[in-house]
Each structure stands twice: as C-alpha cells, then as structure tokens.
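The file my_file.txt comes next; it holds compact mmCIF, N, CA and C atoms.
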# COMPACT_ATOMS: atom_id res chain seq x y z
N MET E 24 -27.50 -46.55 39.50
CA MET E 24 -26.12 -46.62 39.91
C MET E 24 -25.33 -45.49 39.25
N LYS E 25 -24.52 -44.83 40.03
CA LYS E 25 -23.71 -43.73 39.52
C LYS E 25 -22.45 -44.26 38.84
N LYS E 26 -21.93 -43.47 37.91
CA LYS E 26 -20.68 -43.85 37.22
C LYS E 26 -19.53 -43.98 38.22
N GLU E 27 -19.52 -43.12 39.22
CA GLU E 27 -18.44 -43.15 40.21
C GLU E 27 -18.40 -44.47 40.97
N ASP E 28 -19.59 -45.07 41.19
CA ASP E 28 -19.66 -46.34 41.91
C ASP E 28 -18.99 -47.47 41.13
N LEU E 29 -18.98 -47.35 39.81
CA LEU E 29 -18.36 -48.39 39.00
C LEU E 29 -16.84 -48.40 39.13
N LEU E 30 -16.27 -47.28 39.50
CA LEU E 30 -14.81 -47.17 39.61
C LEU E 30 -14.34 -47.18 41.06
N SER E 31 -14.92 -48.05 41.84
CA SER E 31 -14.54 -48.16 43.24
C SER E 31 -13.14 -48.74 43.36
N ASP E 32 -12.53 -48.57 44.52
CA ASP E 32 -11.20 -49.13 44.76
C ASP E 32 -11.22 -50.65 44.61
N GLU E 33 -12.29 -51.28 45.06
CA GLU E 33 -12.41 -52.74 44.93
C GLU E 33 -12.36 -53.16 43.47
N PHE E 34 -13.07 -52.43 42.63
CA PHE E 34 -13.09 -52.74 41.20
C PHE E 34 -11.70 -52.57 40.59
N LEU E 35 -11.02 -51.49 40.92
CA LEU E 35 -9.73 -51.18 40.33
C LEU E 35 -8.61 -52.11 40.81
N LYS E 36 -8.79 -52.75 41.96
CA LYS E 36 -7.77 -53.65 42.50
C LYS E 36 -7.59 -54.91 41.63
N GLN E 37 -8.55 -55.22 40.79
CA GLN E 37 -8.44 -56.42 39.96
C GLN E 37 -7.40 -56.27 38.85
N PHE E 38 -6.99 -55.05 38.57
CA PHE E 38 -6.00 -54.82 37.51
C PHE E 38 -4.61 -54.77 38.14
N LYS E 39 -3.83 -55.81 37.88
CA LYS E 39 -2.49 -55.92 38.47
C LYS E 39 -1.42 -55.28 37.60
N THR E 40 -1.65 -55.27 36.27
CA THR E 40 -0.65 -54.73 35.35
C THR E 40 -1.33 -53.77 34.37
N GLY E 41 -0.51 -53.04 33.65
CA GLY E 41 -1.02 -52.15 32.61
C GLY E 41 -1.70 -52.94 31.51
N GLU E 42 -1.19 -54.15 31.23
CA GLU E 42 -1.81 -55.00 30.21
C GLU E 42 -3.21 -55.42 30.62
N ASP E 43 -3.40 -55.73 31.91
CA ASP E 43 -4.74 -56.07 32.40
C ASP E 43 -5.72 -54.92 32.16
N LEU E 44 -5.27 -53.73 32.49
CA LEU E 44 -6.11 -52.55 32.32
C LEU E 44 -6.39 -52.28 30.84
N ASN E 45 -5.36 -52.37 30.00
CA ASN E 45 -5.55 -52.15 28.57
C ASN E 45 -6.48 -53.19 27.96
N GLY E 46 -6.37 -54.43 28.41
CA GLY E 46 -7.27 -55.48 27.93
C GLY E 46 -8.72 -55.18 28.29
N PHE E 47 -8.92 -54.72 29.52
CA PHE E 47 -10.26 -54.35 29.96
C PHE E 47 -10.79 -53.17 29.14
N LEU E 48 -9.94 -52.15 28.94
CA LEU E 48 -10.37 -50.97 28.18
C LEU E 48 -10.67 -51.33 26.73
N ALA E 49 -9.91 -52.26 26.15
CA ALA E 49 -10.16 -52.71 24.79
C ALA E 49 -11.52 -53.40 24.69
N GLN E 50 -11.84 -54.25 25.68
CA GLN E 50 -13.14 -54.92 25.70
C GLN E 50 -14.28 -53.91 25.89
N LEU E 51 -14.05 -52.94 26.76
CA LEU E 51 -15.03 -51.90 27.00
C LEU E 51 -15.28 -51.10 25.72
N GLN E 52 -14.20 -50.77 25.02
CA GLN E 52 -14.33 -50.03 23.77
C GLN E 52 -15.09 -50.87 22.73
N LYS E 53 -14.77 -52.15 22.63
CA LYS E 53 -15.44 -53.05 21.69
C LYS E 53 -16.94 -53.09 21.96
N ARG E 54 -17.31 -53.28 23.21
CA ARG E 54 -18.73 -53.33 23.56
C ARG E 54 -19.41 -51.99 23.31
N GLY E 55 -18.69 -50.90 23.59
CA GLY E 55 -19.24 -49.57 23.35
C GLY E 55 -19.49 -49.33 21.87
N ILE E 56 -18.53 -49.71 21.03
CA ILE E 56 -18.68 -49.54 19.58
C ILE E 56 -19.85 -50.36 19.07
N GLU E 57 -19.96 -51.61 19.53
CA GLU E 57 -21.08 -52.45 19.11
C GLU E 57 -22.42 -51.88 19.55
N ALA E 58 -22.48 -51.29 20.76
CA ALA E 58 -23.72 -50.67 21.23
C ALA E 58 -24.07 -49.44 20.39
N ILE E 59 -23.05 -48.66 20.03
CA ILE E 59 -23.28 -47.49 19.18
C ILE E 59 -23.78 -47.92 17.81
N LEU E 60 -23.18 -48.98 17.25
CA LEU E 60 -23.62 -49.49 15.95
C LEU E 60 -25.08 -49.95 16.01
N SER E 61 -25.44 -50.61 17.09
CA SER E 61 -26.82 -51.06 17.26
C SER E 61 -27.78 -49.87 17.33
N GLY E 62 -27.37 -48.83 18.07
CA GLY E 62 -28.18 -47.62 18.15
C GLY E 62 -28.31 -46.91 16.81
N GLU E 63 -27.21 -46.90 16.04
CA GLU E 63 -27.25 -46.30 14.71
C GLU E 63 -28.23 -47.05 13.82
N LEU E 64 -28.23 -48.39 13.91
CA LEU E 64 -29.17 -49.18 13.10
C LEU E 64 -30.60 -48.91 13.53
N ASP E 65 -30.84 -48.83 14.85
CA ASP E 65 -32.18 -48.48 15.35
C ASP E 65 -32.66 -47.18 14.72
N SER E 66 -31.80 -46.18 14.72
CA SER E 66 -32.14 -44.88 14.16
C SER E 66 -32.38 -44.98 12.66
N HIS E 67 -31.55 -45.73 11.96
CA HIS E 67 -31.67 -45.90 10.52
C HIS E 67 -33.00 -46.57 10.15
N LEU E 68 -33.36 -47.60 10.92
CA LEU E 68 -34.59 -48.35 10.61
C LEU E 68 -35.85 -47.67 11.15
N GLY E 69 -35.69 -46.83 12.17
CA GLY E 69 -36.84 -46.14 12.74
C GLY E 69 -37.58 -46.92 13.80
N TYR E 70 -36.97 -47.98 14.31
CA TYR E 70 -37.58 -48.75 15.40
C TYR E 70 -36.48 -49.49 16.14
N GLU E 71 -36.75 -49.83 17.42
CA GLU E 71 -35.78 -50.55 18.23
C GLU E 71 -35.94 -52.06 18.04
N LYS E 72 -34.90 -52.78 18.42
CA LYS E 72 -34.90 -54.24 18.31
C LYS E 72 -36.11 -54.82 19.06
N HIS E 73 -36.72 -55.82 18.49
CA HIS E 73 -37.88 -56.54 19.03
C HIS E 73 -39.19 -55.75 18.92
N GLU E 74 -39.17 -54.60 18.26
CA GLU E 74 -40.42 -53.89 18.00
C GLU E 74 -40.90 -54.25 16.60
N LYS E 75 -42.15 -53.97 16.35
CA LYS E 75 -42.71 -54.24 15.03
C LYS E 75 -42.18 -53.21 14.04
N THR E 76 -41.77 -53.67 12.88
CA THR E 76 -41.17 -52.79 11.89
C THR E 76 -42.22 -51.99 11.12
N PRO E 77 -42.05 -50.67 11.01
CA PRO E 77 -42.99 -49.85 10.24
C PRO E 77 -42.67 -49.84 8.74
N SER E 78 -41.53 -50.44 8.33
CA SER E 78 -41.15 -50.41 6.92
C SER E 78 -40.82 -51.82 6.43
N THR E 79 -40.44 -51.91 5.18
CA THR E 79 -40.07 -53.22 4.62
C THR E 79 -38.64 -53.60 4.99
N ASN E 80 -37.83 -52.63 5.37
CA ASN E 80 -36.46 -52.91 5.75
C ASN E 80 -36.42 -53.34 7.21
N SER E 81 -35.61 -54.34 7.51
CA SER E 81 -35.51 -54.82 8.89
C SER E 81 -34.11 -55.35 9.16
N ARG E 82 -33.86 -55.73 10.40
CA ARG E 82 -32.56 -56.26 10.78
C ARG E 82 -32.30 -57.57 10.05
N ASN E 83 -31.01 -57.83 9.80
CA ASN E 83 -30.64 -59.05 9.09
C ASN E 83 -29.33 -59.60 9.63
N GLY E 84 -29.25 -59.79 10.91
CA GLY E 84 -28.07 -60.41 11.52
C GLY E 84 -26.90 -59.46 11.66
N PHE E 85 -25.71 -60.07 11.65
CA PHE E 85 -24.47 -59.32 11.86
C PHE E 85 -23.42 -59.80 10.88
N SER E 86 -22.44 -58.95 10.66
CA SER E 86 -21.23 -59.36 9.95
C SER E 86 -20.05 -59.05 10.85
N ASN E 87 -19.01 -59.86 10.73
CA ASN E 87 -17.81 -59.65 11.54
C ASN E 87 -16.89 -58.68 10.83
N LYS E 88 -16.23 -57.85 11.62
CA LYS E 88 -15.31 -56.86 11.06
C LYS E 88 -14.13 -56.70 12.01
N LYS E 89 -12.93 -56.69 11.46
CA LYS E 89 -11.73 -56.47 12.26
C LYS E 89 -11.41 -54.99 12.16
N ILE E 90 -11.32 -54.33 13.32
CA ILE E 90 -11.01 -52.90 13.33
C ILE E 90 -9.70 -52.65 14.07
N LYS E 91 -9.13 -51.51 13.78
CA LYS E 91 -7.89 -51.10 14.44
C LYS E 91 -8.19 -49.86 15.26
N THR E 92 -7.84 -49.93 16.54
CA THR E 92 -8.08 -48.81 17.44
C THR E 92 -6.80 -48.52 18.21
N SER E 93 -6.84 -47.54 19.05
CA SER E 93 -5.67 -47.22 19.86
C SER E 93 -5.37 -48.31 20.89
N PHE E 94 -6.28 -49.28 21.06
CA PHE E 94 -6.04 -50.41 21.96
C PHE E 94 -5.61 -51.66 21.21
N GLY E 95 -5.39 -51.55 19.90
CA GLY E 95 -4.99 -52.70 19.09
C GLY E 95 -6.12 -53.15 18.18
N GLU E 96 -5.98 -54.35 17.63
CA GLU E 96 -7.00 -54.89 16.74
C GLU E 96 -8.11 -55.52 17.56
N SER E 97 -9.31 -55.44 17.03
CA SER E 97 -10.47 -55.99 17.72
C SER E 97 -11.47 -56.49 16.69
N ASP E 98 -12.11 -57.62 16.98
CA ASP E 98 -13.17 -58.14 16.11
C ASP E 98 -14.50 -57.70 16.67
N ILE E 99 -15.28 -57.02 15.84
CA ILE E 99 -16.60 -56.57 16.28
C ILE E 99 -17.68 -57.17 15.38
N GLN E 100 -18.91 -57.11 15.86
CA GLN E 100 -20.05 -57.54 15.06
C GLN E 100 -20.82 -56.29 14.65
N VAL E 101 -20.97 -56.13 13.34
CA VAL E 101 -21.67 -54.97 12.78
C VAL E 101 -23.06 -55.43 12.36
N PRO E 102 -24.11 -54.79 12.88
CA PRO E 102 -25.46 -55.19 12.49
C PRO E 102 -25.74 -54.84 11.03
N ARG E 103 -26.59 -55.66 10.40
CA ARG E 103 -26.94 -55.44 9.00
C ARG E 103 -28.45 -55.24 8.87
N ASP E 104 -28.84 -54.65 7.75
CA ASP E 104 -30.25 -54.56 7.41
C ASP E 104 -30.48 -55.27 6.09
N ARG E 105 -31.74 -55.65 5.81
CA ARG E 105 -32.06 -56.44 4.62
C ARG E 105 -31.76 -55.71 3.31
N GLU E 106 -31.92 -54.41 3.30
CA GLU E 106 -31.72 -53.65 2.06
C GLU E 106 -30.27 -53.20 1.88
N SER E 107 -29.41 -53.52 2.83
CA SER E 107 -28.00 -53.10 2.81
C SER E 107 -27.83 -51.60 2.66
N SER E 108 -28.76 -50.84 3.22
CA SER E 108 -28.69 -49.39 3.12
C SER E 108 -28.08 -48.76 4.37
N PHE E 109 -27.81 -49.59 5.38
CA PHE E 109 -27.23 -49.08 6.62
C PHE E 109 -25.74 -48.83 6.44
N ASN E 110 -25.31 -47.58 6.63
CA ASN E 110 -23.90 -47.21 6.55
C ASN E 110 -23.52 -46.57 7.89
N PRO E 111 -22.86 -47.33 8.77
CA PRO E 111 -22.52 -46.80 10.09
C PRO E 111 -21.65 -45.55 10.00
N MET E 112 -21.86 -44.64 10.95
CA MET E 112 -21.07 -43.42 10.98
C MET E 112 -19.79 -43.61 11.80
N ILE E 113 -19.85 -44.41 12.85
CA ILE E 113 -18.68 -44.56 13.72
C ILE E 113 -17.54 -45.28 13.00
N ILE E 114 -17.86 -46.31 12.24
CA ILE E 114 -16.89 -47.01 11.41
C ILE E 114 -17.57 -47.29 10.07
N PRO E 115 -17.43 -46.38 9.12
CA PRO E 115 -18.12 -46.53 7.84
C PRO E 115 -17.75 -47.81 7.10
N LYS E 116 -18.61 -48.21 6.17
CA LYS E 116 -18.33 -49.38 5.34
C LYS E 116 -16.98 -49.23 4.66
N ARG E 117 -16.30 -50.35 4.52
CA ARG E 117 -15.00 -50.43 3.86
C ARG E 117 -13.89 -49.66 4.58
N GLN E 118 -14.11 -49.33 5.85
CA GLN E 118 -13.05 -48.75 6.67
C GLN E 118 -12.84 -49.64 7.88
N ASN E 119 -11.63 -49.65 8.37
CA ASN E 119 -11.35 -50.56 9.50
C ASN E 119 -10.58 -49.86 10.62
N MET E 120 -10.64 -48.53 10.64
CA MET E 120 -9.87 -47.81 11.64
C MET E 120 -10.75 -46.78 12.34
N VAL E 121 -10.66 -46.74 13.65
CA VAL E 121 -11.40 -45.76 14.42
C VAL E 121 -10.66 -44.42 14.33
N ASP E 122 -11.41 -43.31 14.29
CA ASP E 122 -10.83 -41.98 14.09
C ASP E 122 -9.69 -41.65 15.03
N GLY E 123 -9.73 -42.11 16.25
CA GLY E 123 -8.68 -41.79 17.22
C GLY E 123 -7.31 -42.19 16.73
N LEU E 124 -7.22 -43.35 16.07
CA LEU E 124 -5.93 -43.81 15.56
C LEU E 124 -5.49 -42.96 14.38
N GLU E 125 -6.43 -42.56 13.54
CA GLU E 125 -6.08 -41.68 12.42
C GLU E 125 -5.53 -40.36 12.95
N ASN E 126 -6.09 -39.88 14.05
CA ASN E 126 -5.58 -38.64 14.66
C ASN E 126 -4.16 -38.81 15.16
N VAL E 127 -3.84 -39.99 15.69
CA VAL E 127 -2.47 -40.26 16.15
C VAL E 127 -1.52 -40.22 14.96
N ILE E 128 -1.91 -40.86 13.85
CA ILE E 128 -1.07 -40.88 12.65
C ILE E 128 -0.84 -39.47 12.14
N ILE E 129 -1.90 -38.68 12.08
CA ILE E 129 -1.79 -37.30 11.60
C ILE E 129 -0.88 -36.49 12.52
N SER E 130 -1.02 -36.69 13.82
CA SER E 130 -0.18 -35.97 14.78
C SER E 130 1.29 -36.32 14.60
N LEU E 131 1.60 -37.60 14.44
CA LEU E 131 2.99 -38.02 14.25
C LEU E 131 3.54 -37.45 12.95
N TYR E 132 2.72 -37.43 11.91
CA TYR E 132 3.14 -36.88 10.62
C TYR E 132 3.39 -35.38 10.73
N ALA E 133 2.52 -34.70 11.45
CA ALA E 133 2.67 -33.25 11.62
C ALA E 133 3.94 -32.91 12.40
N LYS E 134 4.39 -33.83 13.25
CA LYS E 134 5.60 -33.60 14.02
C LYS E 134 6.86 -33.94 13.23
N GLY E 135 6.69 -34.31 11.95
CA GLY E 135 7.84 -34.52 11.07
C GLY E 135 8.30 -35.94 10.92
N MET E 136 7.56 -36.91 11.45
CA MET E 136 7.98 -38.31 11.31
C MET E 136 7.71 -38.77 9.88
N THR E 137 8.57 -39.64 9.37
CA THR E 137 8.36 -40.20 8.04
C THR E 137 7.29 -41.28 8.12
N VAL E 138 6.79 -41.66 6.96
CA VAL E 138 5.75 -42.70 6.90
C VAL E 138 6.27 -44.01 7.48
N SER E 139 7.50 -44.37 7.17
CA SER E 139 8.06 -45.63 7.70
C SER E 139 8.27 -45.54 9.22
N ASP E 140 8.64 -44.34 9.73
CA ASP E 140 8.77 -44.17 11.18
C ASP E 140 7.41 -44.33 11.86
N ILE E 141 6.37 -43.77 11.25
CA ILE E 141 5.02 -43.89 11.80
C ILE E 141 4.59 -45.35 11.82
N GLU E 142 4.87 -46.07 10.72
CA GLU E 142 4.52 -47.49 10.64
C GLU E 142 5.19 -48.27 11.78
N GLU E 143 6.47 -48.01 12.01
CA GLU E 143 7.20 -48.69 13.08
C GLU E 143 6.65 -48.32 14.46
N GLN E 144 6.32 -47.05 14.66
CA GLN E 144 5.77 -46.58 15.93
C GLN E 144 4.43 -47.25 16.23
N ILE E 145 3.56 -47.33 15.23
CA ILE E 145 2.24 -47.98 15.40
C ILE E 145 2.45 -49.45 15.75
N ARG E 146 3.38 -50.11 15.08
CA ARG E 146 3.66 -51.53 15.35
C ARG E 146 4.15 -51.72 16.78
N GLU E 147 5.02 -50.85 17.25
CA GLU E 147 5.57 -50.99 18.61
C GLU E 147 4.55 -50.65 19.69
N VAL E 148 3.82 -49.55 19.50
CA VAL E 148 2.93 -49.07 20.55
C VAL E 148 1.59 -49.79 20.55
N TYR E 149 0.99 -49.97 19.36
CA TYR E 149 -0.37 -50.51 19.28
C TYR E 149 -0.42 -51.99 18.91
N LYS E 150 0.73 -52.58 18.62
CA LYS E 150 0.84 -54.03 18.40
C LYS E 150 0.08 -54.54 17.19
N PHE E 151 0.03 -53.77 16.10
CA PHE E 151 -0.48 -54.30 14.85
C PHE E 151 0.18 -53.58 13.69
N ASP E 152 0.14 -54.24 12.54
CA ASP E 152 0.78 -53.69 11.35
C ASP E 152 -0.20 -52.82 10.58
N ILE E 153 0.31 -51.73 10.09
CA ILE E 153 -0.45 -50.84 9.22
C ILE E 153 0.46 -50.52 8.05
N SER E 154 -0.07 -50.60 6.86
CA SER E 154 0.77 -50.42 5.68
C SER E 154 1.16 -48.97 5.49
N THR E 155 2.30 -48.78 4.84
CA THR E 155 2.74 -47.42 4.54
C THR E 155 1.76 -46.74 3.59
N SER E 156 1.10 -47.53 2.72
CA SER E 156 0.13 -46.93 1.80
C SER E 156 -1.09 -46.41 2.56
N THR E 157 -1.50 -47.10 3.63
CA THR E 157 -2.63 -46.62 4.44
C THR E 157 -2.24 -45.34 5.16
N ILE E 158 -1.04 -45.30 5.70
CA ILE E 158 -0.56 -44.09 6.37
C ILE E 158 -0.49 -42.93 5.38
N SER E 159 0.01 -43.21 4.19
CA SER E 159 0.09 -42.17 3.16
C SER E 159 -1.29 -41.67 2.77
N ARG E 160 -2.25 -42.59 2.65
CA ARG E 160 -3.62 -42.20 2.29
C ARG E 160 -4.21 -41.28 3.35
N ILE E 161 -3.99 -41.60 4.62
CA ILE E 161 -4.52 -40.78 5.71
C ILE E 161 -3.89 -39.40 5.71
N THR E 162 -2.57 -39.36 5.62
CA THR E 162 -1.88 -38.06 5.66
C THR E 162 -2.17 -37.24 4.42
N GLU E 163 -2.32 -37.89 3.27
CA GLU E 163 -2.62 -37.18 2.03
C GLU E 163 -4.01 -36.54 2.08
N SER E 164 -4.97 -37.26 2.64
CA SER E 164 -6.33 -36.71 2.71
C SER E 164 -6.36 -35.46 3.60
N VAL E 165 -5.58 -35.48 4.68
CA VAL E 165 -5.52 -34.31 5.55
C VAL E 165 -4.80 -33.16 4.84
N SER E 166 -3.70 -33.49 4.14
CA SER E 166 -2.96 -32.46 3.41
C SER E 166 -3.84 -31.78 2.37
N ASN E 167 -4.64 -32.57 1.67
CA ASN E 167 -5.56 -32.02 0.66
C ASN E 167 -6.58 -31.09 1.30
N ASP E 168 -7.10 -31.45 2.47
CA ASP E 168 -8.05 -30.60 3.16
C ASP E 168 -7.42 -29.29 3.60
N VAL E 169 -6.17 -29.36 4.07
CA VAL E 169 -5.46 -28.16 4.51
C VAL E 169 -5.23 -27.23 3.34
N ILE E 170 -4.81 -27.79 2.21
CA ILE E 170 -4.56 -26.98 1.01
C ILE E 170 -5.84 -26.33 0.52
N ALA E 171 -6.94 -27.10 0.53
CA ALA E 171 -8.24 -26.57 0.09
C ALA E 171 -8.68 -25.44 1.00

Show this structure as structure tokens.
Amino acid sequence: MKKEDLLSDEFLKQFKTGEDLNGFLAQLQKRGIEAILSGELDSHLGYEKHEKTPSTNSRNGFSNKKIKTSFGESDIQVPRDRESSFNPMIIPKRQNMVDGLENVIISLYAKGMTVSDIEEQIREVYKFDISTSTISRITESVSNDVIA
C-alpha cells in the first residue's frame, strides 16, 4: 500500500475539526515514538522481539513516561532491558520533552520573548504547563553552545 492511499479523501473526511485532526496526529506521533523506541531497543540488544537472545541482556517489559510534544502531553511506554543499559536517543532517560518543542522554545527566545512570555505561550498553544526553570535551562544550554 502506498502512503498516498492512506490519505484519501474518504480518510480525511472523518476529521470535522482541527481538534479531531490534532488528536489523530498526537496518537500517530505517540505510536511512532513507541515504534522508534522499540527499534532502538532491538538495535541495542542485537536481536528483534521474539528472537532468541545472543547475550545475557534481554527485554524486561515497559515503563510509563509522560512526554511533552508540540501536540501536548502524551503517555508513552518505554521498553526496558534487564541490565538497564538501554538509553533511548529519541527521548533520553530523565528527559520528558521531544526536540521539536525545545526548538519552538529556542525560536521564541531568539525572537526576544521573555521566559514568562514563553511559558504563557506554551500554555496557551500546547495546553500544558512548563516551568520557567525548564525554559531557562533550555535557553541557557543553547546560549552556552553559541558562546563556545
């Protein structure tokens, strides 16, 4: 099946409002992130799910994680390994924000918005709260890279 076939007029007619479409895109993003995480674990372990493991490390269920994306907050399942050596690249351990949102914050900061203005903008547009300290941390890390 071609990608174009998935976006037929019949398929698109089911979305009556922008919220319907955003909800669908958020679910699509969630499933995509979970699929990428699963692929990253396959690569880390050196074998695919349901295959015989060539090493002592193997899959060990999932953990739940709340992430923030440009579509709002989403709960995802992050696969784990027995040795806890798996560190996902798409959403690293101890982080809860997808890069796209960090780029939005950096862009708003570069345009001269204050940290509190950015916080308010994120709350209005993306429908979740982000602390001013998180915004400061993101903008500071970029500023340090620019200076370096």

Members of range 42-133 of chain E assigned alpha helix (DSSP H) by DSSP, as a ChimeraX atom specification: /E:42-68,122-133

File of the preceding selection, N, CA and C atoms, as a compact mmCIF listing (two decimals), in the coordinates of the input:
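File again_28.txt, as written:
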# COMPACT_ATOMS: atom_id res chain seq x y z
N GLU E 42 -1.19 -54.15 31.23
CA GLU E 42 -1.81 -55.00 30.21
C GLU E 42 -3.21 -55.42 30.62
N ASP E 43 -3.40 -55.73 31.91
CA ASP E 43 -4.74 -56.07 32.40
C ASP E 43 -5.72 -54.92 32.16
N LEU E 44 -5.27 -53.73 32.49
CA LEU E 44 -6.11 -52.55 32.32
C LEU E 44 -6.39 -52.28 30.84
N ASN E 45 -5.36 -52.37 30.00
CA ASN E 45 -5.55 -52.15 28.57
C ASN E 45 -6.48 -53.19 27.96
N GLY E 46 -6.37 -54.43 28.41
CA GLY E 46 -7.27 -55.48 27.93
C GLY E 46 -8.72 -55.18 28.29
N PHE E 47 -8.92 -54.72 29.52
CA PHE E 47 -10.26 -54.35 29.96
C PHE E 47 -10.79 -53.17 29.14
N LEU E 48 -9.94 -52.15 28.94
CA LEU E 48 -10.37 -50.97 28.18
C LEU E 48 -10.67 -51.33 26.73
N ALA E 49 -9.91 -52.26 26.15
CA ALA E 49 -10.16 -52.71 24.79
C ALA E 49 -11.52 -53.40 24.69
N GLN E 50 -11.84 -54.25 25.68
CA GLN E 50 -13.14 -54.92 25.70
C GLN E 50 -14.28 -53.91 25.89
N LEU E 51 -14.05 -52.94 26.76
CA LEU E 51 -15.03 -51.90 27.00
C LEU E 51 -15.28 -51.10 25.72
N GLN E 52 -14.20 -50.77 25.02
CA GLN E 52 -14.33 -50.03 23.77
C GLN E 52 -15.09 -50.87 22.73
N LYS E 53 -14.77 -52.15 22.63
CA LYS E 53 -15.44 -53.05 21.69
C LYS E 53 -16.94 -53.09 21.96
N ARG E 54 -17.31 -53.28 23.21
CA ARG E 54 -18.73 -53.33 23.56
C ARG E 54 -19.41 -51.99 23.31
N GLY E 55 -18.69 -50.90 23.59
CA GLY E 55 -19.24 -49.57 23.35
C GLY E 55 -19.49 -49.33 21.87
N ILE E 56 -18.53 -49.71 21.03
CA ILE E 56 -18.68 -49.54 19.58
C ILE E 56 -19.85 -50.36 19.07
N GLU E 57 -19.96 -51.61 19.53
CA GLU E 57 -21.08 -52.45 19.11
C GLU E 57 -22.42 -51.88 19.55
N ALA E 58 -22.48 -51.29 20.76
CA ALA E 58 -23.72 -50.67 21.23
C ALA E 58 -24.07 -49.44 20.39
N ILE E 59 -23.05 -48.66 20.03
CA ILE E 59 -23.28 -47.49 19.18
C ILE E 59 -23.78 -47.92 17.81
N LEU E 60 -23.18 -48.98 17.25
CA LEU E 60 -23.62 -49.49 15.95
C LEU E 60 -25.08 -49.95 16.01
N SER E 61 -25.44 -50.61 17.09
CA SER E 61 -26.82 -51.06 17.26
C SER E 61 -27.78 -49.87 17.33
N GLY E 62 -27.37 -48.83 18.07
CA GLY E 62 -28.18 -47.62 18.15
C GLY E 62 -28.31 -46.91 16.81
N GLU E 63 -27.21 -46.90 16.04
CA GLU E 63 -27.25 -46.30 14.71
C GLU E 63 -28.23 -47.05 13.82
N LEU E 64 -28.23 -48.39 13.91
CA LEU E 64 -29.17 -49.18 13.10
C LEU E 64 -30.60 -48.91 13.53
N ASP E 65 -30.84 -48.83 14.85
CA ASP E 65 -32.18 -48.48 15.35
C ASP E 65 -32.66 -47.18 14.72
N SER E 66 -31.80 -46.18 14.72
CA SER E 66 -32.14 -44.88 14.16
C SER E 66 -32.38 -44.98 12.66
N HIS E 67 -31.55 -45.73 11.96
CA HIS E 67 -31.67 -45.90 10.52
C HIS E 67 -33.00 -46.57 10.15
N LEU E 68 -33.36 -47.60 10.92
CA LEU E 68 -34.59 -48.35 10.61
C LEU E 68 -35.85 -47.67 11.15
N ASP E 122 -11.41 -43.31 14.29
CA ASP E 122 -10.83 -41.98 14.09
C ASP E 122 -9.69 -41.65 15.03
N GLY E 123 -9.73 -42.11 16.25
CA GLY E 123 -8.68 -41.79 17.22
C GLY E 123 -7.31 -42.19 16.73
N LEU E 124 -7.22 -43.35 16.07
CA LEU E 124 -5.93 -43.81 15.56
C LEU E 124 -5.49 -42.96 14.38
N GLU E 125 -6.43 -42.56 13.54
CA GLU E 125 -6.08 -41.68 12.42
C GLU E 125 -5.53 -40.36 12.95
N ASN E 126 -6.09 -39.88 14.05
CA ASN E 126 -5.58 -38.64 14.66
C ASN E 126 -4.16 -38.81 15.16
N VAL E 127 -3.84 -39.99 15.69
CA VAL E 127 -2.47 -40.26 16.15
C VAL E 127 -1.52 -40.22 14.96
N ILE E 128 -1.91 -40.86 13.85
CA ILE E 128 -1.07 -40.88 12.65
C ILE E 128 -0.84 -39.47 12.14
N ILE E 129 -1.90 -38.68 12.08
CA ILE E 129 -1.79 -37.30 11.60
C ILE E 129 -0.88 -36.49 12.52
N SER E 130 -1.02 -36.69 13.82
CA SER E 130 -0.18 -35.97 14.78
C SER E 130 1.29 -36.32 14.60
N LEU E 131 1.60 -37.60 14.44
CA LEU E 131 2.99 -38.02 14.25
C LEU E 131 3.54 -37.45 12.95
N TYR E 132 2.72 -37.43 11.91
CA TYR E 132 3.14 -36.88 10.62
C TYR E 132 3.39 -35.38 10.73
N ALA E 133 2.52 -34.70 11.45
CA ALA E 133 2.67 -33.25 11.62
C ALA E 133 3.94 -32.91 12.40

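Taking atom C of Val121 in chain E as the reference point, atom N of Val138 in chain E is found at 19.1 Å.
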
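Nearest to Ser66 in chain E of all the residues E:Asn110, E:Thr92, E:Gln52, E:Asn45 is E:Asn110, based on only C-alpha atoms.
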
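You can rank E:Ile145, E:Val127, E:Leu60, E:Met120 by their closest distance to Pro102 in chain E using all atoms listed in the file, and at the top of that list sits E:Leu60.
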
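Our summary of the geometry notes that CA of Ala133 in chain E is positioned 8.9 Å from CA of Thr162 in chain E.
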
Return as number ranges by chain the full set of residues in range 49-97 of chain E whose backbone-based DSSP assignment is strand (DSSP E or B). E: 82-92, 95-97

May I have the centre and edge lengths, in Å to one decimal, of an axis-aligned box around the listed atoms of range 129-135 of chain E with 8 Å added to every side, as lines of an AutoDock Vina configuration file?
center_x = 3.2
center_y = -35.8
center_z = 12.7
size_x = 26.2
size_y = 21.8
size_z = 20.2

Could you check how far atom C of Ser86 in chain E sits from CA of Val101 in chain E, in Å to one decimal? 4.8 Å

Residues at most 10 Å from Arg54 in chain E, counting only C-alpha atoms, excluding those fewer than 6 positions away in the same chain, as an MDAnalysis selection string? chainID E and resid 48 60 99:100

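Checking E:Ile56, E:Asn83, E:Lys150, E:Met136 one by one against Ser107 in chain E, counting only C-alpha atoms, you find the shortest gap at E:Asn83.
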
From the list E:Gly41, E:Pro111, E:Gly135, E:Gly95, which residue is nearest Leu64 in chain E when using only N, CA and C atoms? E:Pro111

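In terms of minimum interatomic distance to Asp104 in chain E, E:Gly84 ranks closest within E:Pro77, E:Gly84, E:Gly62, E:Gly123, counting only C-alpha atoms.
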
With 12 Å as the threshold, what does the neighbourhood of (-16.0, -57.4, 10.2) contain in terms of residues, counting only C-alpha atoms? Coordinates are those of the file; answer as a PyMOL selection string. chain E and resi 57+85-91+96-103+114-120

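If you count only N, CA and C atoms and ignore residues fewer than 5 places along the chain from Leu68 in chain E, what sits within 7 Å of it is Glu63, Pro77, Ser78, Asn80 and Ser81 of chain E.
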